[in-house]
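Enquirer: The following block contains the structure, expressed as structure tokens.
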Amino acid sequence: KQEVTQIPAALSVPEGENLVLNCSFTDSAIYNLQWFRQDPGKGLTSLLLIQSSQREQTSGRLNASLDKSSGRSTLYIAASQPGDSATYLCAVKYGGATNKLIFGTGTLLAVQP
Amino acid sequence: GAVVSQHPSWVICKSGTSVKIECRSLDFQATTMFWYRQFPKQSLMLMATSNEGSKATYEQGVEKDKFLINHASLTLSTLTVTSAHPEDSSFYICSARGLPSTDTQYFGPGTRLTVL
């Protein structure tokens, strides 16, 4: 069964700290992996998309890495800000571009001012 | 960028009634739309995939007669929760895929359904 899990489930850090969120997947034959942000009661905002042939993607203070062989991805957030507080979800796609996304369990991040 | 809207954003209904949720792609043609359900503090679970003009494909464990999906046009899909019960209370999110990029899903803002 293809499963995606995220650790930790919740994380609280002081403002300015660098942090890492983890995502692991059981089947390493992925097509791509995507990180999303979800604010309370809201939809999803795509942050970064990593294709299976890529090792990492960067956008501003965010850096996502992908290690297919170990079935892992990390989302690195530099110099965290209170506005970064949200739930972060990773999602994996298998097979091809038109296939469905399998979402992880999410990490609830709170950045304390 | 591509925008997906949902209506209503929240709805409260009595047990036994039916509720329709709309998902629209505002500036692109959505050949495929997805419906997800998210219970409190849980992740998104795919309910069904619908392609324009075709019957929806439901995930295992999702009752197709209870969750009716219609994707009659390239910009609109609807999810109808029939004979809703309190256990159907959840956050329903749709996403759409199509031009400009067939590899990307664009997510709607979600609909909060509360069944009394």
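By convention here, the chains of the structure tokens are called A, B, ... in the order presented, each chain's residues are numbered starting at 1, and ligands are numbered starting at 1 in the order presented.
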Using only C-alpha atoms, I'd like a table of the residues in stretch 1-34 of chain A that come within 12 Å of stretch 39-62 of chain B; for each, show the closest atom pair and its distance in Å rounded to one decimal, ordered by chain and ascending number, as a tab-separated table.
Expert:
residue	atom	partner	partner_atom	distance
A:Glu3	CA	B:Met45	CA	11.8
A:Val4	CA	B:Ser43	CA	10.3
A:Thr5	CA	B:Ser43	CA	10.0
A:Gln6	CA	B:Ser43	CA	10.4
A:Ala9	CA	B:Lys41	CA	9.8
A:Ala10	CA	B:Lys41	CA	10.6
Enquirer: Using only C-alpha atoms, which protein or nucleic acid residues come within 12 Å of stretch 57-60 of chain A? Drop anything in the same chain fewer than 2 positions from it, and give the result as a ChimeraX atom specification.
Expert: /A:32-35,46-55,62-66,73-80
Enquirer: Calculate how many Å separate atom CA of B:Arg37 from atom CA of B:Ser90, rounding to one decimal.
Expert: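 Computed distance, atom CA of B:Arg37 to atom CA of B:Ser90, equals 6.6 Å.
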Enquirer: Choose the residue, out of A:Gly16, A:Gly41, A:Gly95, A:Gly83, that has the smallest atom-to-atom separation from chain B; count only C-alpha atoms.
Expert: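 For chain B, the nearest of the given residues is A:Gly41.
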Enquirer: Point out the residue among A:Glu56, A:Thr45, A:Asp67, A:Asp27 with the least atom-to-atom distance to B:Ala2, counting only C-alpha atoms.
Expert: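 Ranking A:Glu56, A:Thr45, A:Asp67, A:Asp27 by distance to B:Ala2, first place goes to A:Thr45.
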Enquirer: Got a sec to pull out which chain B residues are within 6 Å of chain A, counting only C-alpha atoms, and send them as a PDB file with N, CA, C and O atoms, in the first residue's frame?
Expert:
ATOM      1  N   SER B  43      -5.560  14.476   7.246  1.00  0.00           N
ATOM      2  CA  SER B  43      -5.130  14.897   5.925  1.00  0.00           C
ATOM      3  C   SER B  43      -6.265  14.783   4.917  1.00  0.00           C
ATOM      4  O   SER B  43      -7.370  14.371   5.244  1.00  0.00           O
ATOM      5  N   ASP B 103      -0.176  18.895 -15.552  1.00  0.00           N
ATOM      6  CA  ASP B 103       0.511  18.168 -14.492  1.00  0.00           C
ATOM      7  C   ASP B 103       0.223  18.741 -13.116  1.00  0.00           C
ATOM      8  O   ASP B 103       0.619  18.182 -12.111  1.00  0.00           O
ATOM      9  N   PHE B 107      -6.141  23.954  -6.339  1.00  0.00           N
ATOM     10  CA  PHE B 107      -7.111  23.638  -5.298  1.00  0.00           C
ATOM     11  C   PHE B 107      -8.063  24.794  -5.013  1.00  0.00           C
ATOM     12  O   PHE B 107      -7.675  25.963  -5.029  1.00  0.00           O
ATOM     13  N   GLY B 108      -9.294  24.423  -4.718  1.00  0.00           N
ATOM     14  CA  GLY B 108     -10.275  25.397  -4.283  1.00  0.00           C
ATOM     15  C   GLY B 108     -10.095  25.710  -2.816  1.00  0.00           C
ATOM     16  O   GLY B 108      -9.327  25.044  -2.119  1.00  0.00           O
ATOM     17  N   PRO B 109     -10.832  26.689  -2.302  1.00  0.00           N
ATOM     18  CA  PRO B 109     -10.686  27.119  -0.913  1.00  0.00           C
ATOM     19  C   PRO B 109     -11.406  26.224   0.084  1.00  0.00           C
ATOM     20  O   PRO B 109     -11.246  26.396   1.289  1.00  0.00           O
ATOM     21  N   GLY B 110     -12.206  25.285  -0.418  1.00  0.00           N
ATOM     22  CA  GLY B 110     -12.875  24.363   0.494  1.00  0.00           C
ATOM     23  C   GLY B 110     -14.269  24.803   0.882  1.00  0.00           C
ATOM     24  O   GLY B 110     -14.621  25.986   0.818  1.00  0.00           O
TER      25      GLY B 110
END
Enquirer: Just asking: which residues within chain A are strand (DSSP E) according to DSSP, as number ranges by chain?
Expert: A: 4-7, 10-14, 19-25, 30-38, 44-51, 56-59, 62-67, 72-77, 86-94, 101-103, 107-112
Enquirer: Could you name the residues that touch stretch 76-83 of chain B at 6 Å or less, counting only C-alpha atoms, but leaving out those on the same chain fewer than 6 positions away, as a list in words?
Expert: Gly16, Thr17, Ser18, Val19, Lys20, Ile21, Glu22, Cys23, Arg24, Lys66, Phe67, Leu68, Ile69 and Asn70 of chain B
Enquirer: Write the selection just made, keeping C-alpha atoms, as a tab-separated table (two decimals), in the first residue's frame?
Expert:
chain	number	residue	atom	x	y	z
B	16	GLY	CA	-31.61	13.89	5.85
B	17	THR	CA	-31.35	16.81	3.46
B	18	SER	CA	-29.16	17.02	0.38
B	19	VAL	CA	-26.44	19.57	-0.16
B	20	LYS	CA	-24.79	20.62	-3.41
B	21	ILE	CA	-21.28	22.02	-3.55
B	22	GLU	CA	-19.95	23.68	-6.69
B	23	CYS	CA	-16.38	23.76	-7.90
B	24	ARG	CA	-15.45	26.11	-10.72
B	66	LYS	CA	-24.45	9.10	-1.55
B	67	PHE	CA	-21.87	11.44	-3.06
B	68	LEU	CA	-23.12	12.34	-6.52
B	69	ILE	CA	-20.59	14.01	-8.77
B	70	ASN	CA	-21.41	15.79	-11.99
Enquirer: Report, in Å with one decimal, the straight-line distance from atom CA of B:Val4 to atom CA of B:Leu74.
Expert: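 Answer for the atom CA of B:Val4 to atom CA of B:Leu74 separation: 12.2 Å.
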Enquirer: Would you work out the distance separating atom CA of A:Ala86 from atom CA of A:Leu109, expressed in Å to one decimal?
Expert: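 Here the two named atoms are 5.4 Å from each other.
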